[in-house]
file structure-v5.pdb (PDB, C-alpha atoms)
MODEL        1
ATOM      1  CA  MET A  96       0.000   0.000   0.000
ATOM      2  CA  LYS A  97       1.279   3.448  -0.856
ATOM      3  CA  ASP A  98       2.591   5.274   2.201
ATOM      4  CA  LYS A  99       0.296   8.213   2.912
ATOM      5  CA  LYS A 100       1.385  11.121   5.058
ATOM      6  CA  TYR A 101      -0.808  13.513   6.994
ATOM      7  CA  ILE A 102       0.156  17.029   5.870
ATOM      8  CA  VAL A 103      -1.022  20.332   7.340
ATOM      9  CA  ILE A 104      -0.172  23.418   5.296
ATOM     10  CA  ILE A 105      -0.316  26.531   7.480
ATOM     11  CA  THR A 106      -0.612  29.781   5.590
ATOM     12  CA  GLY A 107      -2.358  33.121   5.942
ATOM     13  CA  LEU A 108      -1.714  36.745   6.777
ATOM     14  CA  SER A 109       1.527  37.862   8.385
ATOM     15  CA  GLY A 110       0.811  38.714  11.998
ATOM     16  CA  SER A 111      -2.041  36.209  12.292
ATOM     17  CA  GLY A 112      -0.026  33.660  14.286
ATOM     18  CA  LYS A 113       1.410  31.287  11.680
ATOM     19  CA  SER A 114       4.721  30.888  13.521
ATOM     20  CA  VAL A 115       2.935  30.128  16.786
ATOM     21  CA  ALA A 116       0.726  27.566  15.014
ATOM     22  CA  LEU A 117       3.665  25.856  13.311
ATOM     23  CA  ARG A 118       5.616  25.609  16.570
ATOM     24  CA  ALA A 119       2.540  24.120  18.226
ATOM     25  CA  LEU A 120       2.339  21.511  15.469
ATOM     26  CA  GLU A 121       5.993  20.683  16.019
ATOM     27  CA  ASP A 122       5.391  20.232  19.737
ATOM     28  CA  ALA A 123       2.457  17.973  18.865
ATOM     29  CA  GLY A 124       4.828  15.614  17.045
ATOM     30  CA  TYR A 125       4.768  16.925  13.484
ATOM     31  CA  PHE A 126       7.893  17.246  11.351
ATOM     32  CA  CYS A 127       7.711  20.961  10.518
ATOM     33  CA  MET A 128       9.322  23.176   7.891
ATOM     34  CA  ASP A 129       8.768  26.924   7.680
ATOM     35  CA  ASN A 130       8.840  29.008   4.488
ATOM     36  CA  PHE A 131       9.116  25.811   2.442
ATOM     37  CA  PRO A 132       8.384  26.125  -1.308
ATOM     38  CA  LEU A 133       5.381  23.975  -2.189
ATOM     39  CA  ILE A 134       6.938  23.059  -5.526
ATOM     40  CA  LEU A 135       9.628  21.117  -3.632
ATOM     41  CA  LEU A 136       7.242  19.202  -1.373
ATOM     42  CA  PRO A 137       6.433  16.313  -3.788
ATOM     43  CA  GLU A 138      10.148  15.595  -4.245
ATOM     44  CA  PHE A 139      10.748  15.769  -0.497
ATOM     45  CA  LEU A 140       7.977  13.215   0.101
ATOM     46  CA  LYS A 141       9.444  10.877  -2.506
ATOM     47  CA  LEU A 142      12.775  10.924  -0.670
ATOM     48  CA  LEU A 143      11.204   9.635   2.539
ATOM     49  CA  PRO A 144      11.524   5.847   2.863
ATOM     50  CA  PRO A 145       8.281   3.931   3.535
ATOM     51  CA  GLU A 146       9.527   2.981   7.011
ATOM     52  CA  SER A 147      10.265   6.610   7.929
ATOM     53  CA  ASP A 148       9.049   7.843  11.308
ATOM     54  CA  ILE A 149       7.924  11.047   9.590
ATOM     55  CA  GLN A 150       4.195  10.480   9.172
ATOM     56  CA  ARG A 151       2.756  13.873  10.121
ATOM     57  CA  ILE A 152       4.161  16.970   8.441
ATOM     58  CA  GLY A 153       3.525  20.673   9.002
ATOM     59  CA  ILE A 154       4.469  23.177   6.296
ATOM     60  CA  GLY A 155       4.585  26.943   6.801
ATOM     61  CA  VAL A 156       3.884  28.828   3.565
ATOM     62  CA  ASP A 157       3.809  32.606   3.147
ATOM     63  CA  VAL A 158       4.823  35.500   0.928
ATOM     64  CA  ARG A 159       8.496  35.335   1.881
ATOM     65  CA  GLU A 160       8.850  32.698  -0.833
ATOM     66  CA  LYS A 161       8.108  34.786  -3.934
ATOM     67  CA  ASP A 162       7.296  31.838  -6.189
ATOM     68  CA  PHE A 163       5.308  29.827  -3.652
ATOM     69  CA  LEU A 164       2.008  30.403  -5.439
ATOM     70  CA  ARG A 165       3.282  29.020  -8.730
ATOM     71  CA  ASP A 166       0.931  26.199  -9.738
ATOM     72  CA  SER A 167      -0.249  25.971  -6.126
ATOM     73  CA  ALA A 168      -3.718  24.704  -7.102
ATOM     74  CA  GLY A 169      -2.283  21.811  -9.095
ATOM     75  CA  LEU A 170       0.268  20.964  -6.419
ATOM     76  CA  ILE A 171      -2.291  20.902  -3.635
ATOM     77  CA  PHE A 172      -4.731  18.861  -5.713
ATOM     78  CA  SER A 173      -1.959  16.317  -6.312
ATOM     79  CA  LEU A 174      -1.044  16.256  -2.625
ATOM     80  CA  LYS A 175      -4.643  15.632  -1.606
ATOM     81  CA  LYS A 176      -4.866  12.824  -4.128
ATOM     82  CA  ASP A 177      -1.815  11.004  -2.809
ATOM     83  CA  HIS A 178      -1.828  12.020   0.875
ATOM     84  CA  LEU A 179      -4.081  13.244   3.686
ATOM     85  CA  ALA A 180      -3.424  16.945   3.155
ATOM     86  CA  GLU A 181      -5.301  20.028   4.275
ATOM     87  CA  ILE A 182      -4.794  23.791   4.377
ATOM     88  CA  LEU A 183      -5.243  25.924   7.482
ATOM     89  CA  PHE A 184      -5.500  29.616   6.606
ATOM     90  CA  LEU A 185      -4.991  32.037   9.505
ATOM     91  CA  GLU A 186      -6.138  35.636   9.368
ATOM     92  CA  ALA A 187      -6.933  38.540  11.669
ATOM     93  CA  ASP A 188      -8.555  41.956  11.546
ATOM     94  CA  PRO A 189      -6.220  44.503   9.875
ATOM     95  CA  GLU A 190      -6.283  46.728  12.978
ATOM     96  CA  VAL A 191      -5.220  43.779  15.115
ATOM     97  CA  ILE A 192      -2.395  42.924  12.711
ATOM     98  CA  LYS A 193      -1.189  46.532  12.753
ATOM     99  CA  ARG A 194      -1.229  46.563  16.555
ATOM    100  CA  ARG A 195       0.735  43.309  16.723
ATOM    101  CA  TYR A 196       3.395  44.631  14.373
ATOM    102  CA  LYS A 197       3.710  47.830  16.372
ATOM    103  CA  GLU A 198       4.084  45.827  19.584
ATOM    104  CA  THR A 199       6.784  43.535  18.172
ATOM    105  CA  ARG A 200       8.442  46.292  16.084
ATOM    106  CA  ARG A 201       9.097  43.796  13.320
ATOM    107  CA  PRO A 202       8.825  44.820   9.655
ATOM    108  CA  HIS A 203       6.089  43.384   7.471
ATOM    109  CA  PRO A 204       7.579  41.189   4.701
ATOM    110  CA  LEU A 205       5.859  43.319   2.036
ATOM    111  CA  GLY A 206       6.986  46.742   3.203
ATOM    112  CA  ASP A 207       6.893  49.421   5.893
ATOM    113  CA  ASN A 208       3.471  50.800   4.968
ATOM    114  CA  LEU A 209       1.342  48.353   6.960
ATOM    115  CA  GLU A 210      -2.010  49.170   5.383
ATOM    116  CA  GLU A 211      -0.669  48.717   1.844
ATOM    117  CA  ALA A 212       1.299  45.613   2.825
ATOM    118  CA  ILE A 213      -1.731  43.926   4.430
ATOM    119  CA  GLU A 214      -3.938  44.595   1.396
ATOM    120  CA  LYS A 215      -1.233  43.391  -0.997
ATOM    121  CA  GLU A 216      -0.763  40.226   1.010
ATOM    122  CA  LYS A 217      -4.520  39.558   1.106
ATOM    123  CA  ASP A 218      -4.606  39.780  -2.676
ATOM    124  CA  SER A 219      -1.560  37.535  -3.105
ATOM    125  CA  LEU A 220      -2.965  34.890  -0.774
ATOM    126  CA  SER A 221      -6.519  34.883  -2.122
ATOM    127  CA  ILE A 222      -5.849  31.703  -4.123
ATOM    128  CA  LEU A 223      -4.770  29.753  -1.049
ATOM    129  CA  ARG A 224      -7.610  31.195   0.992
ATOM    130  CA  ASP A 225     -10.110  29.945  -1.586
ATOM    131  CA  MET A 226      -8.558  26.469  -1.416
ATOM    132  CA  ALA A 227      -8.331  26.367   2.390
ATOM    133  CA  ASP A 228     -10.015  23.520   4.250
ATOM    134  CA  ARG A 229     -10.329  25.791   7.247
ATOM    135  CA  ILE A 230     -10.095  29.559   7.733
ATOM    136  CA  HIS A 231      -9.487  30.629  11.323
ATOM    137  CA  ASP A 232      -9.616  34.193  12.640
ATOM    138  CA  THR A 233      -7.121  34.815  15.462
ATOM    139  CA  SER A 234      -8.101  38.435  16.207
ATOM    140  CA  ASN A 235      -9.332  37.628  19.699
ATOM    141  CA  MET A 236      -6.773  34.948  20.532
ATOM    142  CA  SER A 237      -3.572  35.248  22.521
ATOM    143  CA  PRO A 238      -0.567  33.129  21.423
ATOM    144  CA  HIS A 239      -1.340  30.774  24.309
ATOM    145  CA  GLU A 240      -4.960  30.375  23.180
ATOM    146  CA  LEU A 241      -3.921  29.781  19.560
ATOM    147  CA  ARG A 242      -1.419  27.169  20.663
ATOM    148  CA  ALA A 243      -4.111  25.414  22.716
ATOM    149  CA  TRP A 244      -6.485  25.543  19.741
ATOM    150  CA  ILE A 245      -3.887  23.958  17.438
ATOM    151  CA  PHE A 246      -3.224  21.199  19.951
ATOM    152  CA  SER A 247      -6.932  20.544  20.390
ATOM    153  CA  ASN A 248      -7.637  20.413  16.657
ATOM    154  CA  PHE A 249      -4.522  18.790  15.222
ATOM    155  CA  SER A 250      -2.668  16.739  17.828
ATOM    156  CA  LYS A 251      -5.075  13.858  17.216
ATOM    157  CA  ARG A 252      -6.663  15.057  14.023
ATOM    158  CA  ASP A 253      -6.670  11.584  12.492
ATOM    159  CA  THR A 254      -9.332  10.493  15.000
ATOM    160  CA  GLY A 255     -12.083  12.143  12.984
ATOM    161  CA  PRO A 256     -13.936  15.430  12.446
ATOM    162  CA  VAL A 257     -13.653  18.190  15.040
ATOM    163  CA  VAL A 258     -16.559  20.301  16.314
ATOM    164  CA  THR A 259     -15.458  23.639  17.792
ATOM    165  CA  LEU A 260     -17.813  25.330  20.250
ATOM    166  CA  ILE A 261     -17.362  29.069  20.890
ATOM    167  CA  SER A 262     -19.093  31.040  23.623
ATOM    168  CA  PHE A 263     -19.107  34.812  23.160
ATOM    169  CA  GLY A 264     -20.802  38.087  24.040
ATOM    170  CA  TYR A 265     -22.769  39.906  21.354
ATOM    171  CA  LYS A 266     -21.685  43.270  22.743
ATOM    172  CA  TYR A 267     -18.108  42.398  21.719
ATOM    173  CA  GLY A 268     -19.077  41.263  18.241
ATOM    174  CA  VAL A 269     -19.864  37.933  16.579
ATOM    175  CA  PRO A 270     -16.837  35.661  15.912
ATOM    176  CA  GLN A 271     -15.987  35.104  12.271
ATOM    177  CA  ASN A 272     -16.194  31.843  10.311
ATOM    178  CA  ILE A 273     -19.025  30.295  12.320
ATOM    179  CA  ASP A 274     -21.064  27.547  10.662
ATOM    180  CA  LEU A 275     -23.991  27.488  13.093
ATOM    181  CA  LEU A 276     -24.949  30.422  15.332
ATOM    182  CA  PHE A 277     -27.368  30.365  18.277
ATOM    183  CA  ASP A 278     -28.518  33.287  20.431
ATOM    184  CA  VAL A 279     -29.257  32.359  24.076
ATOM    185  CA  ARG A 280     -30.003  35.852  25.400
ATOM    186  CA  PHE A 281     -33.585  34.762  26.148
ATOM    187  CA  LEU A 282     -32.376  32.547  29.026
ATOM    188  CA  PRO A 283     -32.497  33.820  32.646
ATOM    189  CA  ASN A 284     -29.441  36.024  33.199
ATOM    190  CA  PRO A 285     -27.245  35.276  36.265
ATOM    191  CA  TYR A 286     -25.687  38.732  35.882
ATOM    192  CA  PHE A 287     -28.674  40.224  37.667
ATOM    193  CA  VAL A 288     -28.373  37.861  40.633
ATOM    194  CA  PRO A 289     -26.030  39.573  43.148
ATOM    195  CA  GLU A 290     -24.365  36.386  44.387
ATOM    196  CA  LEU A 291     -23.738  35.181  40.789
ATOM    197  CA  THR A 292     -22.643  38.389  39.044
ATOM    198  CA  SER A 293     -18.924  37.924  39.751
ATOM    199  CA  LYS A 294     -18.944  34.211  38.881
ATOM    200  CA  ASP A 295     -18.683  32.953  35.303
ATOM    201  CA  GLY A 296     -20.446  30.187  33.398
ATOM    202  CA  LEU A 297     -17.927  27.560  34.480
ATOM    203  CA  HIS A 298     -18.959  27.905  38.125
ATOM    204  CA  PRO A 299     -21.439  25.237  39.340
ATOM    205  CA  ASP A 300     -23.755  27.858  40.868
ATOM    206  CA  VAL A 301     -24.102  29.694  37.550
ATOM    207  CA  ARG A 302     -24.531  26.436  35.661
ATOM    208  CA  ASN A 303     -27.307  25.282  37.994
ATOM    209  CA  TYR A 304     -29.084  28.635  37.821
ATOM    210  CA  VAL A 305     -29.127  28.672  34.005
ATOM    211  CA  LEU A 306     -29.999  25.022  33.435
ATOM    212  CA  ARG A 307     -32.809  24.767  35.975
ATOM    213  CA  SER A 308     -35.054  27.021  33.877
ATOM    214  CA  LYS A 309     -37.683  25.462  31.603
ATOM    215  CA  GLU A 310     -36.312  27.532  28.700
ATOM    216  CA  ALA A 311     -32.842  26.029  29.097
ATOM    217  CA  GLU A 312     -34.207  22.510  29.402
ATOM    218  CA  GLU A 313     -36.213  22.856  26.207
ATOM    219  CA  LEU A 314     -33.316  24.600  24.425
ATOM    220  CA  MET A 315     -30.878  21.773  25.201
ATOM    221  CA  THR A 316     -33.392  19.167  24.032
ATOM    222  CA  ARG A 317     -33.969  20.989  20.754
ATOM    223  CA  LEU A 318     -30.272  21.731  20.142
ATOM    224  CA  ASN A 319     -29.208  18.146  20.819
ATOM    225  CA  ASN A 320     -31.924  16.826  18.502
ATOM    226  CA  LEU A 321     -30.926  19.295  15.790
ATOM    227  CA  LEU A 322     -27.220  18.436  16.036
ATOM    228  CA  GLU A 323     -27.973  14.722  16.139
ATOM    229  CA  TYR A 324     -29.685  15.217  12.780
ATOM    230  CA  LEU A 325     -27.233  17.693  11.227
ATOM    231  CA  LEU A 326     -23.778  16.469  12.267
ATOM    232  CA  PRO A 327     -23.795  13.043  10.541
ATOM    233  CA  ARG A 328     -25.057  14.651   7.329
ATOM    234  CA  MET A 329     -22.458  17.425   7.387
ATOM    235  CA  ILE A 330     -19.706  14.878   8.015
ATOM    236  CA  LYS A 331     -21.012  12.706   5.198
ATOM    237  CA  GLU A 332     -20.666  15.765   2.958
ATOM    238  CA  GLY A 333     -16.942  15.738   3.735
ATOM    239  CA  ARG A 334     -16.744  18.421   6.413
ATOM    240  CA  HIS A 335     -13.651  17.940   8.606
ATOM    241  CA  TYR A 336     -14.568  20.867  10.846
ATOM    242  CA  LEU A 337     -17.709  22.486  12.181
ATOM    243  CA  THR A 338     -17.766  25.641  14.294
ATOM    244  CA  ILE A 339     -20.800  26.400  16.463
ATOM    245  CA  GLY A 340     -21.205  29.810  18.105
ATOM    246  CA  ILE A 341     -23.324  30.336  21.229
ATOM    247  CA  GLY A 342     -23.862  33.972  22.153
ATOM    248  CA  CYS A 343     -25.306  35.844  25.111
ATOM    249  CA  THR A 344     -24.966  39.510  26.053
ATOM    250  CA  GLY A 345     -21.501  39.580  27.649
ATOM    251  CA  GLY A 346     -20.276  36.041  26.987
ATOM    252  CA  ARG A 347     -19.568  35.318  30.662
ATOM    253  CA  HIS A 348     -22.589  33.455  32.018
ATOM    254  CA  ARG A 349     -25.227  31.863  29.795
ATOM    255  CA  SER A 350     -23.264  31.058  26.645
ATOM    256  CA  PRO A 351     -20.385  29.257  28.452
ATOM    257  CA  VAL A 352     -22.940  27.143  30.332
ATOM    258  CA  ILE A 353     -24.693  26.102  27.122
ATOM    259  CA  VAL A 354     -21.384  25.414  25.333
ATOM    260  CA  GLU A 355     -20.239  23.099  28.138
ATOM    261  CA  GLU A 356     -23.547  21.243  28.041
ATOM    262  CA  LEU A 357     -23.510  20.927  24.250
ATOM    263  CA  LYS A 358     -20.017  19.462  24.458
ATOM    264  CA  LYS A 359     -21.365  16.535  26.482
ATOM    265  CA  GLY A 360     -24.093  15.833  23.939
ATOM    266  CA  ILE A 361     -21.781  16.059  20.916
ATOM    267  CA  GLU A 362     -19.190  13.752  22.464
ATOM    268  CA  ARG A 363     -21.931  11.177  22.983
ATOM    269  CA  PHE A 364     -22.154  11.093  19.182
ATOM    270  CA  GLY A 365     -18.501   9.976  19.147
ATOM    271  CA  LEU A 366     -17.121  13.292  17.846
ATOM    272  CA  LYS A 367     -14.096  15.222  19.076
ATOM    273  CA  THR A 368     -14.781  18.709  20.435
ATOM    274  CA  SER A 369     -12.785  21.869  21.003
ATOM    275  CA  ILE A 370     -14.017  24.697  23.246
ATOM    276  CA  ILE A 371     -13.216  28.407  23.141
ATOM    277  CA  HIS A 372     -14.756  30.721  25.759
ATOM    278  CA  ARG A 373     -13.837  33.910  23.947
ATOM    279  CA  ASP A 374     -14.990  36.489  26.473
ATOM    280  CA  LEU A 375     -14.224  34.847  29.802
TER     281      LEU A 375
ENDMDL
END
call {"tool": "encode", "arguments": {"input": "structure-v5.pdb", "output": "C-alpha cells"}}
result
Amino acid sequence: MKDKKYIVIITGLSGSGKSVALRALEDAGYFCMDNFPLILLPEFLKLLPPESDIQRIGIGVDVREKDFLRDSAGLIFSLKKDHLAEILFLEADPEVIKRRYKETRRPHPLGDNLEEAIEKEKDSLSILRDMADRIHDTSNMSPHELRAWIFSNFSKRDTGPVVTLISFGYKYGVPQNIDLLFDVRFLPNPYFVPELTSKDGLHPDVRNYVLRSKEAEELMTRLNNLLEYLLPRMIKEGRHYLTIGIGCTGGRHRSPVIVEELKKGIERFGLKTSIIHRDL
C-alpha cells in the first residue's frame, strides 16, 4: 500500500499567528518546515523511505517565498490525491495585525506601509484562501490560546472530524467563520443575581441557575436533537470541521454554560470537540 502522510499546510496573513501555530504543530509531534516552497514538497515526500518515522508533516507557507504560489492549485490537488493533506489559513482583523506589528516592532515582509502591505498580502494569498479547508480568525486569541487551539484540533486530528464550540458576548461582536450560530439571550441572566454576578459560566452555581429554567431545558433538548440530525449529514458531505457559536450579552454566564452542556451531547455522538470561551 502506498505510504500516505498527513500534511497540514499553514498559511495566511503575516501577523495572524502562523509561527505560533507551526511551533505548536511541532510540539504535537509533526515534522515541521517553515517558508518551504510547495513546488519542492512532492520531491521531499518521494525521498522519505516507507519505514520513515515522519508520518505527520507541518508546512509553513507565506509571501516570503516569492514563487510559492506558482501552480499551487495543481500541487495541492496532487497532494490531496496522494496524501491526507489540508490547508489551514490564519487571518486577523487589519487593525489587530497593525497593533501586533507595532508591539513587536518587526517589519512586514511586504513593506513598511502596513495598510498597503496587508492589502497586498490579502490579494496575493486569495488563491490559497479559496482552497483552504479551514479559515481561522485569530483576532481575539492570545498566542497561548492559539497554541491550545492547534493542539486541540490537530494533535489527534486523524481520529475524525472536530466540532469547535465558541461562547461569546454579542456586545463584543460575533466571531468570524461560524457555521452554526445560536442566540441564548432569552435565558435567565445570572448577571442580575447579586451572588452570581462575579462568577462565570464555568462555576457550578451559575450552571445550575441557568440550566434549571424550563427555557434552558427545552433549548438543550432541541439543540441536541438538531445536532444529532445535522452532524452526521455534514460529516457525510466531507466536512472535517464544524464551528458552532453560542452567544449571550456579555459572553460570561449563559453562553459558556450552554457550550459546556452541548459538548457533552456532541461527544456522545462519538465526535471530538474543542471549546473556546472567547470572552471569559
call {"tool": "atom_distance", "arguments": {"input": "structure-v5.pdb", "atom1": "CA of Gly264 (chain A)", "atom2": "CA of Val354 (chain A)"}}
result
12.8 Å
call {"tool": "atom_distance", "arguments": {"input": "structure-v5.pdb", "atom1": "CA of Ala123 (chain A)", "atom2": "CA of Lys358 (chain A)"}}
result
23.2 Å
call {"tool": "residues_around", "arguments": {"input": "structure-v5.pdb", "residues": "Pro144 (chain A)", "least_positions_apart": "6", "cutoff": "12 Å", "atoms": "only C-alpha atoms", "output": "list in words"}}
result
Lys97, Asp98, Lys99, Lys100 and Gln150 of chain A
call {"tool": "closest_residue", "arguments": {"input": "structure-v5.pdb", "among": "A:Asp157, A:Asp374, A:Glu355, A:Glu146", "to": "Gly268 (chain A)", "atoms": "all atoms listed in the file"}}
result
A:Asp374
call {"tool": "closest_residue", "arguments": {"input": "structure-v5.pdb", "among": "A:Val191, A:Val156, A:Ile102, A:Met329", "to": "Tyr125 (chain A)", "atoms": "all atoms listed in the file"}}
result
A:Ile102
call {"tool": "resolve_selection", "arguments": {"input": "structure-v5.pdb", "expression": "the PyMOL selection byres ((chain A and resi 315) around 12)", "output": "tab-separated table (two decimals) with C-alpha atoms, keeping the file's coordinate frame"}}
result
chain	number	residue	atom	x	y	z
A	277	PHE	CA	-27.37	30.36	18.28
A	279	VAL	CA	-29.26	32.36	24.08
A	282	LEU	CA	-32.38	32.55	29.03
A	305	VAL	CA	-29.13	28.67	34.01
A	306	LEU	CA	-30.00	25.02	33.44
A	307	ARG	CA	-32.81	24.77	35.98
A	308	SER	CA	-35.05	27.02	33.88
A	309	LYS	CA	-37.68	25.46	31.60
A	310	GLU	CA	-36.31	27.53	28.70
A	311	ALA	CA	-32.84	26.03	29.10
A	312	GLU	CA	-34.21	22.51	29.40
A	313	GLU	CA	-36.21	22.86	26.21
A	314	LEU	CA	-33.32	24.60	24.42
A	316	THR	CA	-33.39	19.17	24.03
A	317	ARG	CA	-33.97	20.99	20.75
A	318	LEU	CA	-30.27	21.73	20.14
A	319	ASN	CA	-29.21	18.15	20.82
A	320	ASN	CA	-31.92	16.83	18.50
A	321	LEU	CA	-30.93	19.30	15.79
A	322	LEU	CA	-27.22	18.44	16.04
A	323	GLU	CA	-27.97	14.72	16.14
A	352	VAL	CA	-22.94	27.14	30.33
A	353	ILE	CA	-24.69	26.10	27.12
A	354	VAL	CA	-21.38	25.41	25.33
A	355	GLU	CA	-20.24	23.10	28.14
A	356	GLU	CA	-23.55	21.24	28.04
A	357	LEU	CA	-23.51	20.93	24.25
A	358	LYS	CA	-20.02	19.46	24.46
A	359	LYS	CA	-21.36	16.54	26.48
A	360	GLY	CA	-24.09	15.83	23.94
A	361	ILE	CA	-21.78	16.06	20.92
call {"tool": "closest_residue", "arguments": {"input": "structure-v5.pdb", "among": "A:Met236, A:Ile104, A:Thr199, A:Ala243", "to": "Leu174 (chain A)", "atoms": "all atoms listed in the file"}}
result
A:Ile104
call {"tool": "resolve_selection", "arguments": {"input": "structure-v5.pdb", "expression": "the PyMOL selection byres ((chain A and resi 296) around 8)", "output": "PyMOL selection string"}}
result
chain A and resi 294-295+297-299+301-302+347-352
call {"tool": "resolve_selection", "arguments": {"input": "structure-v5.pdb", "expression": "the PyMOL selection byres ((chain A and resi 109) around 9)", "output": "ChimeraX atom specification"}}
result
/A:106-108,110-113,157-158,185-186,192,203-204,213,216
call {"tool": "atom_distance", "arguments": {"input": "structure-v5.pdb", "atom1": "CA of Ser147 (chain A)", "atom2": "CA of Glu121 (chain A)"}}
result
16.8 Å
call {"tool": "axis_aligned_box", "arguments": {"input": "structure-v5.pdb", "around": "region 274-292 of chain A", "padding_each_side": "4 Å", "output": "AutoDock Vina command-line options"}}
result
--center_x -27.3 --center_y 33.9 --center_z 27.5 --size_x 20.5 --size_y 20.7 --size_z 41.7
call {"tool": "residues_around", "arguments": {"input": "structure-v5.pdb", "residues": "Ile222 (chain A)", "least_positions_apart": "3", "cutoff": "10 Å", "atoms": "all atoms listed in the file", "output": "number ranges by chain"}}
result
A: 164, 167-168, 217-219, 225-227
